[in-house]
Amino acid sequence: MAQKPGIPKGTRDFSPAEVAKRNYIISVIRKHFELFGFQPIETPSFENSSTLMGKYGDEGDRLIFKILNSGDFLRKVDDALYTSKDSTRLTGKISEKALRYDLTVPFARYVVQHQNEIDLPFKRYQIQPVWRADRPQKGRFREFYQCDADVVGSQSLWQEVEFVQLYDTVFSALGLKGVTIKINNRKVLSGIAEVIGEKDKLIDFTVALDKLDKIGEEGVKKEMLEKGISEAAIEKVQPLFRFTGTAVEKLDRLSELLGSSEEGTKGVEELRFICNTIEATGLEAATLDLDVTLARGLNYYTGAIFEVAASGVAMGSIGGGGRYDDLTGIFGLKGISGVGISFGLDRIYLVLEELGLFPETVTSSSRALFINFGEAEALYSIKAIQSLRRSGIKVELYPDNAKMKKQMQYADKRSIPFTILVGEDEMNKGHYTLKNMQTGEQKAVSLKELTEVLAV
RNA sequence: GUGGUUGUAGCUCAGCUGGUUAGAGCGCUGGAUUGUGGUUCCAGAGGUCGCCGGUUCGAACCCGGUCUUCCACCCCA
């Protein structure tokens, strides 16, 4: 019995039209990555588990797709472990490889492994799929593409400035207006935790603060209390709940609040440099928004934190990034600072689709279809087709001598703009009947004229 | 991982507290029209009602499980 076909949850097939649109986005991103001096690398779709495990927190470990060992792997597991039903420990024994969870950790591995071949600062970009064993949701898949640009080996804040401009340029090129690039700094968050006397609860504190726009002031306070953050501390962060104004105003107030924290003050100065510089250079399509509640993806960030949100659509962040001072340290190479950003291809696709921002021209169908009237006519046609293709014009011959109605319908449904009819009459006269499928008008033309009309 | 939701023709969906042979629109195939697509008309094909089990004289409908969809939480692009 034939089995019912299907694909795993959270994965998708892409039709020709969808691939064309995805390629359009990728080409825009790639073009600008290169324009900013980044070079492409690629890494394997799966890594050794040890490379990935423990890099994304417990939650991350749970979401990593593990690959079962080959062979009779259970034979190597001792009975005690097997009967203990300890999945976590057993996994370590029967799975030694795992699918890539993001592009940053494999990049860190790459840098360390190839440290003698690369020149610092090293600017690389990477456009590849990643996998997460997450439960699917709107804009959330188990297989999706990330488009990352990172630079390692430079602590300069000019990198942060350039990344803001890179975001702006790409979204501008995609016609996506009203994008908000939210920026924050891990040192500022750390400083806040310090001055309110909750330095050891930094993660709990920032995770709760990050939810402000989602669960509101009361919700955040409630969560902080639940995590054991004192009333007095919450009282001190009160100003952050209504933190409005221009970047300069916010920075001045932050500067005041964090005066006693050396780290916090440093963070404010970093933000001030980035905001002032962007203020001076200006942005095209995006707005830079200093958001002290931004804290996501905190795990390895040490300086700037970025997150990008599109306006007018209910969609999670379409990009994110930040600075990590010692990412390669875990692989044995200390003191290399990195900073980078990521574009979420699949979410950008959904946003462009929802806002109707894909250009008409992205789908790449043939310019013309030659109607097949039989052997001799097809041979005559294929010669013209060879010539047209040499001129870079996408044309094709209907493969069978089917009824004209069927051939016309085929061209119509595939939105091929022209059909070319070559029958006995045309062959004798040495010309071609070119039909415009939109207007319905048709005329006899020479091969030269055909080439001119179809070339665009 | 937690809670909810969805699944009926290729697609979008009807289908009455459980009652003959499960319907519509669009699409598809053929014809009206043997060198002309889109419009119109005619005819036709196409469904293990997600899957497995249970209750019942009888299940698309009720119950359990499972898979899938979408949504919220967690977390994140």
# chains A, B, ... in the order shown; residues from 1 in each chain; ligands from 1
>>> interface_residues(of="chain A", to="chain B", cutoff="6 Å", atoms="only C-alpha atoms (C1' of nucleotides)", output="list of chain:residue names")
A:Ile318, A:Gly319, A:Gly344, A:Met408, A:Gln409, A:Asp412
>>> residues_around(residues="G58 of chain B", least_positions_apart="5", cutoff="12 Å", atoms="only C-alpha atoms (C1' of nucleotides)", output="list in words")
G18, G19 and U20 of chain B
>>> write_last_selection(atoms="N, CA and C atoms (P, O5', C5', C4', C3', O3' and C1' of nucleotides)", output="PDB file, in the first residue's frame")
ATOM      1  P     G B  18     -24.526  14.772  17.192  1.00  0.00           P
ATOM      2  O5'   G B  18     -25.258  13.769  16.213  1.00  0.00           O
ATOM      3  C5'   G B  18     -24.534  13.465  15.022  1.00  0.00           C
ATOM      4  C4'   G B  18     -24.879  12.120  14.507  1.00  0.00           C
ATOM      5  C3'   G B  18     -26.373  11.911  14.296  1.00  0.00           C
ATOM      6  O3'   G B  18     -26.546  11.288  13.035  1.00  0.00           O
ATOM      7  C1'   G B  18     -25.432  10.089  15.423  1.00  0.00           C
ATOM      8  P     G B  19     -27.287  12.175  11.885  1.00  0.00           P
ATOM      9  O5'   G B  19     -27.805  10.979  10.974  1.00  0.00           O
ATOM     10  C5'   G B  19     -26.865  10.116  10.332  1.00  0.00           C
ATOM     11  C4'   G B  19     -27.604   9.055   9.555  1.00  0.00           C
ATOM     12  C3'   G B  19     -28.848   9.569   8.822  1.00  0.00           C
ATOM     13  O3'   G B  19     -29.007   8.806   7.633  1.00  0.00           O
ATOM     14  C1'   G B  19     -29.481   7.936  10.401  1.00  0.00           C
ATOM     15  P     U B  20     -28.374   9.225   6.243  1.00  0.00           P
ATOM     16  O5'   U B  20     -27.696   7.832   5.908  1.00  0.00           O
ATOM     17  C5'   U B  20     -27.273   7.512   4.621  1.00  0.00           C
ATOM     18  C4'   U B  20     -27.762   6.145   4.218  1.00  0.00           C
ATOM     19  C3'   U B  20     -27.327   5.759   2.811  1.00  0.00           C
ATOM     20  O3'   U B  20     -27.041   4.359   2.767  1.00  0.00           O
ATOM     21  C1'   U B  20     -29.700   5.785   2.940  1.00  0.00           C
TER      22        U B  20
END
>>> residues_around(residues="C26 of chain B", least_positions_apart="3", cutoff="12 Å", atoms="only C-alpha atoms (C1' of nucleotides)", output="MDAnalysis selection string")
chainID B and resid 9:13
>>> write_last_selection(atoms="N, CA, C and O atoms (P, O5', C5', C4', C3', O3' and C1' of nucleotides)", output="CSV table (one decimal), in the first residue's frame")
chain,number,residue,atom,x,y,z
B,9,A,P,-10.4,16.7,1.5
B,9,A,O5',-11.1,16.1,0.1
B,9,A,C5',-10.6,14.9,-0.5
B,9,A,C4',-10.6,15.0,-2.0
B,9,A,C3',-9.8,16.2,-2.5
B,9,A,O3',-9.1,15.8,-3.7
B,9,A,C1',-12.0,16.2,-3.3
B,10,G,P,-7.7,15.2,-3.6
B,10,G,O5',-6.8,16.5,-3.7
B,10,G,C5',-5.4,16.5,-3.9
B,10,G,C4',-4.9,17.8,-4.4
B,10,G,C3',-5.4,19.0,-3.7
B,10,G,O3',-4.5,19.3,-2.6
B,10,G,C1',-5.8,19.2,-6.0
B,11,C,P,-5.2,19.9,-1.2
B,11,C,O5',-5.6,21.4,-1.6
B,11,C,C5',-4.7,22.4,-1.9
B,11,C,C4',-5.4,23.7,-2.2
B,11,C,C3',-6.4,24.1,-1.1
B,11,C,O3',-5.7,24.9,-0.1
B,11,C,C1',-7.4,24.2,-3.2
B,12,U,P,-6.4,24.8,1.4
B,12,U,O5',-7.7,25.7,1.2
B,12,U,C5',-7.6,27.1,1.0
B,12,U,C4',-9.0,27.7,0.9
B,12,U,C3',-9.9,27.3,2.1
B,12,U,O3',-9.7,28.1,3.2
B,12,U,C1',-11.0,27.1,0.0
B,13,C,P,-10.1,27.5,4.6
B,13,C,O5',-11.4,26.7,4.4
B,13,C,C5',-12.5,26.7,5.2
B,13,C,C4',-13.8,26.6,4.4
B,13,C,C3',-14.9,25.8,5.1
B,13,C,O3',-15.5,26.5,6.2
B,13,C,C1',-14.8,25.3,2.8
>>> residues_around(residues="C61 of chain B", least_positions_apart="5", cutoff="12 Å", atoms="only C-alpha atoms (C1' of nucleotides)", output="PDB file with C-alpha atoms (C1' of nucleotides), in the first residue's frame")
ATOM      1  C1'   U B   8     -13.828  16.384   4.895  1.00  0.00           C
ATOM      2  C1'   G B  15     -22.237  18.875   6.138  1.00  0.00           C
ATOM      3  C1'   C B  16     -28.524  19.860  11.160  1.00  0.00           C
ATOM      4  C1'   U B  17     -28.311  16.477  19.190  1.00  0.00           C
ATOM      5  C1'   G B  18     -25.432  10.089  15.423  1.00  0.00           C
ATOM      6  C1'   G B  19     -29.481   7.936  10.401  1.00  0.00           C
ATOM      7  C1'   A B  22     -20.778  12.853   1.903  1.00  0.00           C
ATOM      8  C1'   C B  49     -13.982  12.150   6.035  1.00  0.00           C
TER       9        C B  49
END
>>> select_by_dssp(residues="segment 201-335 of chain A", states="alpha helix (DSSP H)", output="compact mmCIF listing (two decimals) with C-alpha atoms, in the first residue's frame")
# COMPACT_ATOMS: atom_id res chain seq x y z
CA LEU A 202 21.36 39.49 36.25
CA ILE A 203 19.84 36.85 33.96
CA ASP A 204 16.53 36.58 35.83
CA PHE A 205 16.39 40.35 36.05
CA THR A 206 16.99 40.99 32.36
CA VAL A 207 14.72 38.17 31.17
CA ALA A 208 11.90 39.69 33.20
CA LEU A 209 12.70 43.24 32.06
CA ASP A 210 12.73 42.09 28.43
CA LEU A 212 7.94 44.75 29.55
CA ASP A 213 6.21 45.46 26.24
CA LYS A 214 4.56 42.05 26.37
CA ILE A 215 3.32 41.60 29.94
CA GLY A 216 3.47 45.20 31.15
CA GLU A 217 4.94 46.84 34.22
CA GLU A 218 2.94 44.82 36.73
CA GLY A 219 3.77 41.56 35.01
CA VAL A 220 7.47 42.34 35.05
CA LYS A 221 7.41 43.27 38.73
CA LYS A 222 5.53 40.09 39.53
CA GLU A 223 8.06 37.96 37.68
CA MET A 224 10.97 39.73 39.34
CA LEU A 225 9.47 39.10 42.76
CA GLU A 226 8.96 35.45 41.89
CA GLU A 231 11.08 45.06 46.51
CA ALA A 232 13.72 47.69 47.15
CA ALA A 233 15.59 46.72 43.99
CA ILE A 234 12.41 46.81 41.92
CA GLU A 235 11.68 50.25 43.37
CA LYS A 236 15.05 51.42 42.10
CA VAL A 237 14.45 50.27 38.53
CA GLN A 238 11.04 51.95 38.49
CA PRO A 239 12.29 54.73 36.16
CA LEU A 240 13.12 52.13 33.49
CA PHE A 241 9.47 51.18 33.14
CA ALA A 247 18.44 58.72 22.81
CA VAL A 248 20.40 61.60 24.28
CA GLU A 249 17.84 62.13 27.04
CA LYS A 250 17.76 58.44 27.85
CA LEU A 251 21.53 58.24 27.92
CA ASP A 252 21.78 61.22 30.24
CA ARG A 253 19.36 59.66 32.68
CA LEU A 254 21.09 56.28 32.42
CA SER A 255 24.41 57.96 33.03
CA GLU A 256 23.01 59.42 36.23
CA LEU A 257 21.45 56.15 37.35
CA GLU A 262 32.03 51.47 36.36
CA GLU A 263 30.74 48.81 33.99
CA GLY A 264 27.39 50.52 33.55
CA THR A 265 29.07 53.81 32.79
CA LYS A 266 31.21 52.13 30.15
CA GLY A 267 28.09 50.69 28.57
CA VAL A 268 26.45 54.10 28.46
CA GLU A 269 29.53 55.58 26.80
CA GLU A 270 29.51 52.83 24.16
CA LEU A 271 25.87 53.45 23.42
CA ARG A 272 26.46 57.17 23.32
CA PHE A 273 29.15 56.77 20.67
CA ILE A 274 27.00 54.52 18.50
CA CYS A 275 23.85 56.65 18.81
CA ASN A 276 25.69 59.93 18.24
CA THR A 277 27.48 58.60 15.18
CA ILE A 278 24.29 57.20 13.68
CA GLU A 279 22.59 60.49 14.48
CA ALA A 280 25.31 62.26 12.52
CA THR A 281 25.26 59.94 9.52
>>> residues_around(residues="A45 of chain B", least_positions_apart="2", cutoff="10 Å", atoms="only C-alpha atoms (C1' of nucleotides)", output="ChimeraX atom specification")
/B:28-30
>>> residues_around(residues="Lys199 of chain A", least_positions_apart="5", cutoff="8 Å", atoms="only C-alpha atoms (C1' of nucleotides)", output="PyMOL selection string")
chain A and resi 190+193-194
>>> write_last_selection(atoms="N, CA and C atoms", output="mmCIF file, in the first residue's frame")
data_model
loop_
_atom_site.group_PDB
_atom_site.id
_atom_site.type_symbol
_atom_site.label_atom_id
_atom_site.label_comp_id
_atom_site.auth_asym_id
_atom_site.auth_seq_id
_atom_site.Cartn_x
_atom_site.Cartn_y
_atom_site.Cartn_z
ATOM 1 N N SER A 190 24.018 45.022 33.091
ATOM 2 C CA SER A 190 24.831 44.547 34.189
ATOM 3 C C SER A 190 24.986 45.638 35.254
ATOM 4 N N ALA A 193 21.791 46.010 37.268
ATOM 5 C CA ALA A 193 21.703 44.939 38.264
ATOM 6 C C ALA A 193 22.643 45.242 39.427
ATOM 7 N N GLU A 194 23.782 45.824 39.094
ATOM 8 C CA GLU A 194 24.768 46.143 40.130
ATOM 9 C C GLU A 194 24.257 47.231 41.073
#
>>> select_by_dssp(residues="segment 300-331 of chain A", states="strand (DSSP E)", output="list in words")
Ala304, Ile305, Phe306, Glu307, Val308, Ala309, Gly319, Gly320, Gly321, Gly322, Arg323 and Tyr324 of chain A
